[in-house]
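What follows is the content of data_15.csv (CSV, C-alpha atoms).
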```csv
chain,number,residue,atom,x,y,z
H,4,MET,CA,46.5,-1.6,21.7
H,5,GLY,CA,47.1,-5.4,21.2
H,6,THR,CA,50.0,-7.5,22.0
H,7,PRO,CA,52.4,-8.4,19.3
H,8,ALA,CA,51.8,-11.6,17.5
H,9,GLY,CA,54.5,-14.2,17.4
H,10,THR,CA,56.7,-14.8,14.4
H,11,GLY,CA,54.9,-18.0,13.4
H,12,THR,CA,53.2,-17.8,10.1
H,13,THR,CA,49.9,-19.1,11.5
H,14,SER,CA,49.8,-16.6,14.4
H,15,TYR,CA,50.7,-13.8,12.0
H,16,SER,CA,48.1,-14.8,9.5
H,17,THR,CA,45.5,-15.0,12.3
H,18,ALA,CA,46.5,-11.5,13.6
H,19,ILE,CA,46.3,-10.0,10.1
H,20,ALA,CA,42.9,-11.6,9.5
H,21,GLY,CA,41.6,-10.2,12.8
H,22,LEU,CA,43.1,-6.8,11.9
H,23,TRP,CA,41.5,-6.8,8.5
H,24,HIS,CA,38.1,-7.9,10.0
H,25,GLY,CA,37.9,-4.6,11.9
H,26,LEU,CA,39.7,-2.5,9.2
H,27,ALA,CA,37.3,-3.6,6.4
H,28,GLY,CA,34.3,-2.0,8.1
H,29,VAL,CA,36.2,1.2,8.7
H,30,LEU,CA,37.2,1.4,5.1
H,31,ARG,CA,33.6,0.8,4.0
H,32,GLU,CA,32.4,3.7,6.0
H,33,LEU,CA,35.2,6.0,4.8
H,34,ASP,CA,34.5,4.9,1.2
H,35,VAL,CA,30.9,6.1,1.5
H,36,TYR,CA,32.1,9.6,2.5
H,37,ALA,CA,34.8,9.6,-0.2
H,38,ALA,CA,32.4,8.4,-2.9
H,39,GLU,CA,29.7,10.8,-1.9
H,40,PRO,CA,31.5,13.9,-0.7
H,41,TRP,CA,28.3,15.9,-0.2
H,42,ARG,CA,27.7,13.7,2.9
H,43,LEU,CA,30.6,15.6,4.5
H,44,ASP,CA,28.1,18.4,5.1
H,45,ASP,CA,25.8,16.1,7.1
H,46,GLU,CA,25.5,16.8,10.8
H,47,GLY,CA,27.9,14.6,12.7
H,48,ALA,CA,30.1,13.9,9.7
H,49,ALA,CA,33.2,15.4,11.2
H,50,ASP,CA,32.7,13.4,14.4
H,51,ALA,CA,32.1,10.2,12.5
H,52,LEU,CA,35.3,10.9,10.5
H,53,ALA,CA,37.3,11.6,13.7
H,54,SER,CA,36.1,8.2,15.1
H,55,LEU,CA,37.0,6.4,11.9
H,56,GLN,CA,40.4,8.2,11.9
H,57,TYR,CA,41.0,6.9,15.5
H,58,ALA,CA,40.1,3.4,14.3
H,59,LEU,CA,42.8,3.8,11.5
H,60,HIS,CA,45.2,5.0,14.2
H,61,SER,CA,44.5,1.9,16.3
H,62,SER,CA,44.9,-0.4,13.2
H,63,SER,CA,48.2,1.3,12.3
H,64,GLU,CA,49.5,0.6,15.9
H,65,LEU,CA,48.4,-3.0,15.6
H,66,VAL,CA,50.2,-3.4,12.3
H,67,LEU,CA,53.4,-1.9,13.8
H,68,GLY,CA,53.1,-4.4,16.7
H,69,LEU,CA,53.1,-7.4,14.4
H,70,GLU,CA,56.3,-9.2,13.4
H,71,PRO,CA,55.9,-10.6,9.9
H,72,PRO,CA,57.6,-13.7,8.6
H,73,ALA,CA,60.7,-12.9,6.5
H,74,ASP,CA,58.9,-13.5,3.2
H,75,ALA,CA,56.1,-11.1,4.1
H,76,ALA,CA,58.2,-8.2,5.4
H,77,HIS,CA,58.0,-6.0,2.3
H,78,ALA,CA,54.2,-6.5,1.9
H,79,HIS,CA,53.7,-5.9,5.7
H,80,GLU,CA,55.7,-2.6,5.5
H,81,GLU,CA,53.5,-1.6,2.5
H,82,LEU,CA,50.4,-2.2,4.6
H,83,SER,CA,51.8,-0.3,7.5
H,84,ILE,CA,52.6,2.7,5.4
H,85,ALA,CA,49.2,2.6,3.6
H,86,VAL,CA,47.2,2.5,6.9
H,87,GLU,CA,49.3,5.4,8.3
H,88,ASP,CA,48.7,7.4,5.1
H,89,ALA,CA,45.0,6.7,5.3
H,90,ARG,CA,44.9,7.8,8.9
H,91,ASP,CA,46.8,11.0,8.1
H,92,MET,CA,44.7,11.8,5.0
H,93,THR,CA,41.4,11.2,7.0
H,94,ALA,CA,42.7,13.6,9.6
H,95,GLU,CA,43.2,16.2,6.9
H,96,VAL,CA,39.7,15.7,5.5
H,97,THR,CA,38.3,15.8,9.0
H,98,ALA,CA,40.0,19.1,9.7
H,99,ALA,CA,38.8,20.5,6.4
H,100,VAL,CA,35.2,19.4,7.2
H,101,ARG,CA,35.4,21.1,10.6
H,102,GLY,CA,36.9,24.2,9.0
H,103,GLY,CA,34.5,24.7,6.1
H,104,GLY,CA,32.5,21.6,5.3
H,105,ALA,CA,32.4,19.6,2.0
H,106,THR,CA,33.5,22.7,0.0
H,107,LEU,CA,36.8,23.0,1.8
H,108,ALA,CA,37.3,19.2,1.8
H,109,ALA,CA,36.5,18.7,-1.9
H,110,PRO,CA,40.0,19.2,-3.2
H,111,LEU,CA,41.2,16.5,-0.9
H,112,VAL,CA,38.7,13.8,-1.9
H,113,TRP,CA,40.4,12.3,-4.9
H,114,GLU,CA,43.7,11.9,-3.0
H,115,TRP,CA,41.8,10.5,0.0
H,116,ARG,CA,40.1,7.9,-2.2
H,117,GLY,CA,43.5,6.9,-3.6
H,118,VAL,CA,45.0,6.5,-0.2
H,119,LEU,CA,42.0,4.3,0.9
H,120,PHE,CA,42.5,2.2,-2.2
H,121,ARG,CA,46.2,1.8,-1.3
H,122,VAL,CA,45.2,0.1,2.0
H,123,ARG,CA,43.2,-2.5,0.1
H,124,LEU,CA,45.9,-3.0,-2.4
H,125,ALA,CA,48.5,-3.4,0.3
H,126,ARG,CA,46.3,-6.0,2.0
H,127,LYS,CA,46.0,-7.8,-1.4
H,128,HIS,CA,49.7,-7.9,-1.8
H,129,LEU,CA,50.1,-9.2,1.7
H,130,ALA,CA,47.6,-12.0,1.0
H,131,GLU,CA,49.5,-12.9,-2.2
H,132,THR,CA,52.8,-13.3,-0.3
H,133,PRO,CA,53.9,-16.9,-0.9
H,134,GLN,CA,53.5,-19.1,2.1
H,135,PRO,CA,56.4,-21.5,3.0
H,136,ALA,CA,56.0,-24.8,1.3
H,137,ILE,CA,54.9,-27.7,3.5
H,138,ALA,CA,57.4,-30.5,3.4
H,139,SER,CA,55.8,-33.7,2.0
H,140,GLU,CA,57.0,-36.9,0.7
H,141,PRO,CA,58.3,-36.8,-2.8
H,142,VAL,CA,55.9,-38.0,-5.4
H,143,ALA,CA,57.3,-40.9,-7.4
H,144,PRO,CA,57.2,-40.4,-11.1
H,145,ARG,CA,54.4,-42.3,-12.9
H,146,GLU,CA,55.5,-45.3,-14.6
H,147,ARG,CA,54.2,-45.9,-18.1
H,148,PRO,CA,51.8,-48.7,-18.0
H,149,LEU,CA,52.2,-51.4,-20.6
H,150,ALA,CA,48.6,-51.0,-21.6
H,151,ALA,CA,49.3,-47.4,-22.8
H,152,VAL,CA,52.2,-48.4,-24.9
H,153,VAL,CA,50.3,-51.3,-26.5
H,154,ALA,CA,47.3,-49.0,-27.2
H,155,THR,CA,49.6,-46.4,-28.8
H,156,VAL,CA,51.2,-49.1,-31.1
H,157,LEU,CA,47.8,-50.5,-32.0
H,158,THR,CA,46.4,-47.0,-32.8
H,159,ILE,CA,49.3,-46.2,-35.1
H,160,CYS,CA,49.1,-49.5,-36.9
H,161,GLY,CA,45.4,-49.3,-37.2
H,162,ALA,CA,45.5,-45.7,-38.6
H,163,THR,CA,48.2,-46.8,-41.1
H,164,ALA,CA,46.0,-49.8,-42.2
H,165,VAL,CA,42.9,-47.6,-42.6
H,166,ALA,CA,44.8,-45.1,-44.7
H,167,GLY,CA,46.6,-47.8,-46.8
H,168,GLY,CA,43.4,-49.8,-47.3
H,169,ALA,CA,41.4,-46.7,-48.3
H,170,SER,CA,44.1,-45.5,-50.8
H,171,LEU,CA,44.4,-49.0,-52.3
H,172,GLY,CA,40.7,-49.6,-52.4
H,173,GLN,CA,41.2,-52.8,-50.3
H,174,TRP,CA,38.3,-52.9,-47.8
H,175,PRO,CA,39.7,-55.9,-45.9
H,176,ILE,CA,42.8,-53.9,-45.0
H,177,TRP,CA,40.7,-50.9,-44.1
H,178,ALA,CA,38.4,-53.1,-41.9
H,179,ALA,CA,41.5,-54.6,-40.2
H,180,GLY,CA,42.7,-51.0,-39.4
H,181,PHE,CA,39.4,-50.2,-37.7
H,182,ALA,CA,39.7,-53.4,-35.8
H,183,LEU,CA,43.1,-52.5,-34.5
H,184,VAL,CA,41.9,-49.0,-33.4
H,185,GLY,CA,39.0,-50.7,-31.6
H,186,LEU,CA,41.5,-53.1,-29.9
H,187,ALA,CA,43.6,-50.0,-28.8
H,188,ILE,CA,40.5,-48.5,-27.2
H,189,ALA,CA,39.8,-51.7,-25.4
H,190,ALA,CA,43.4,-52.2,-24.3
H,191,TYR,CA,43.8,-48.9,-22.6
H,192,ARG,CA,41.4,-47.8,-19.8
H,193,PRO,CA,42.9,-44.7,-18.1
H,194,GLN,CA,43.0,-44.7,-14.3
H,195,VAL,CA,41.2,-41.8,-12.7
```
Whole structure given in structure tokens:
Amino acid sequence: MGTPAGTGTTSYSTAIAGLWHGLAGVLRELDVYAAEPWRLDDEGAADALASLQYALHSSSELVLGLEPPADAAHAHEELSIAVEDARDMTAEVTAAVRGGGATLAAPLVWEWRGVLFRVRLARKHLAETPQPAIASEPVAPRERPLAAVVATVLTICGATAVAGGASLGQWPIWAAGFALVGLAIAAYRPQV
């Protein structure tokens, strides 16, 4: 059993990451049995499940010992309940395997798979909990540079001249419009 983590977001996040590091391997092993239930008849399967159930029990105790930040309290409770349910369901499957093998455990497998999935889903919800915003200096609104305004005016005038010159059949007006658009491109170079 571990010591409770502090209420700070960083220490809580670190504790959850450490918890998940161990729990992920346990879930992988349980998923193998749940996905291939005929393995429940293998020699030593019941002992392996009992060991994995104990790991889930230890994990549930660690989750209970953590004090989540206020904004993660609901997701933390969801994780706690999901790990406890996975522990209890694994105990039921283990008892069924000890009592009659894979045949007796077969009716429990789909529910067991769902409970194991709920642990991953609860962990995902916990990871998606919004973290408190870090205070920073306010960002000043961008001022409109004069070059952008000039480029916009030149583009509008140039497009109007091109359209007018083309409709009137006056190539000098048309050419002047293209020149204005070219000047607009030269006047405005966006800052990256």
* Asked: Taking only C-alpha atoms into account, which of H:Ala151, H:Ala27, H:Ile19, H:Leu52 comes nearest Gly68 in chain H?
  -> H:Ile19
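Between CA of Ala20 in chain H and CA of Ala89 in chain H lies a distance of 18.9 Å.
When all atoms listed in the file are used to measure the gap to Ser54 in chain H, the shortest distance among H:Arg123, H:Arg116, H:Arg90, H:His77 belongs to H:Arg90.
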* Measuring atom to atom with all atoms listed in the file, identify which of H:Thr158, H:Ser61, H:Thr106, H:Gln56 is nearest to Met92 in chain H. =>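 Selected residue with least distance to Met92 in chain H: H:Gln56.
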* Skip Glu81 in chain H itself and residues of its chain fewer than 3 positions away, then list as a list in words all residues within 12 Å of it, counting only C-alpha atoms. =>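 Near neighbours after the sequence-gap exclusion: Ser63, Val66, Leu67, Pro71, Ala75, Ala76, His77, Ala78, Ile84, Ala85, Val86, Glu87, Asp88, Arg121, Val122, Arg123, Leu124, Ala125, Arg126, Lys127, His128 and Leu129 of chain H.
With all atoms listed in the file as the basis for measurement, H:Asp44 is the residue among H:Glu39, H:Glu131, H:Glu32, H:Asp44 that approaches Ala99 in chain H most closely.
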* Could you tell me how far CA of Leu171 in chain H lies from CA of Leu186 in chain H, in Å and to one decimal? => 23.0 Å
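The residue that comes closest to Gly102 in chain H, out of H:Leu69, H:Leu43, H:Leu157, H:Ala130 and on the basis of all atoms listed in the file, is H:Leu43.
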* Among the residues H:Glu46, H:Ser16, H:Gly117, H:Trp174, the one that comes closest to His79 in chain H [using all atoms listed in the file] -> H:Ser16
* **Separation of CA of Arg42 in chain H from CA of Thr97 in chain H in Å** =>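 So the two atoms, CA of Thr97 in chain H and CA of Arg42 in chain H, lie 12.4 Å apart.
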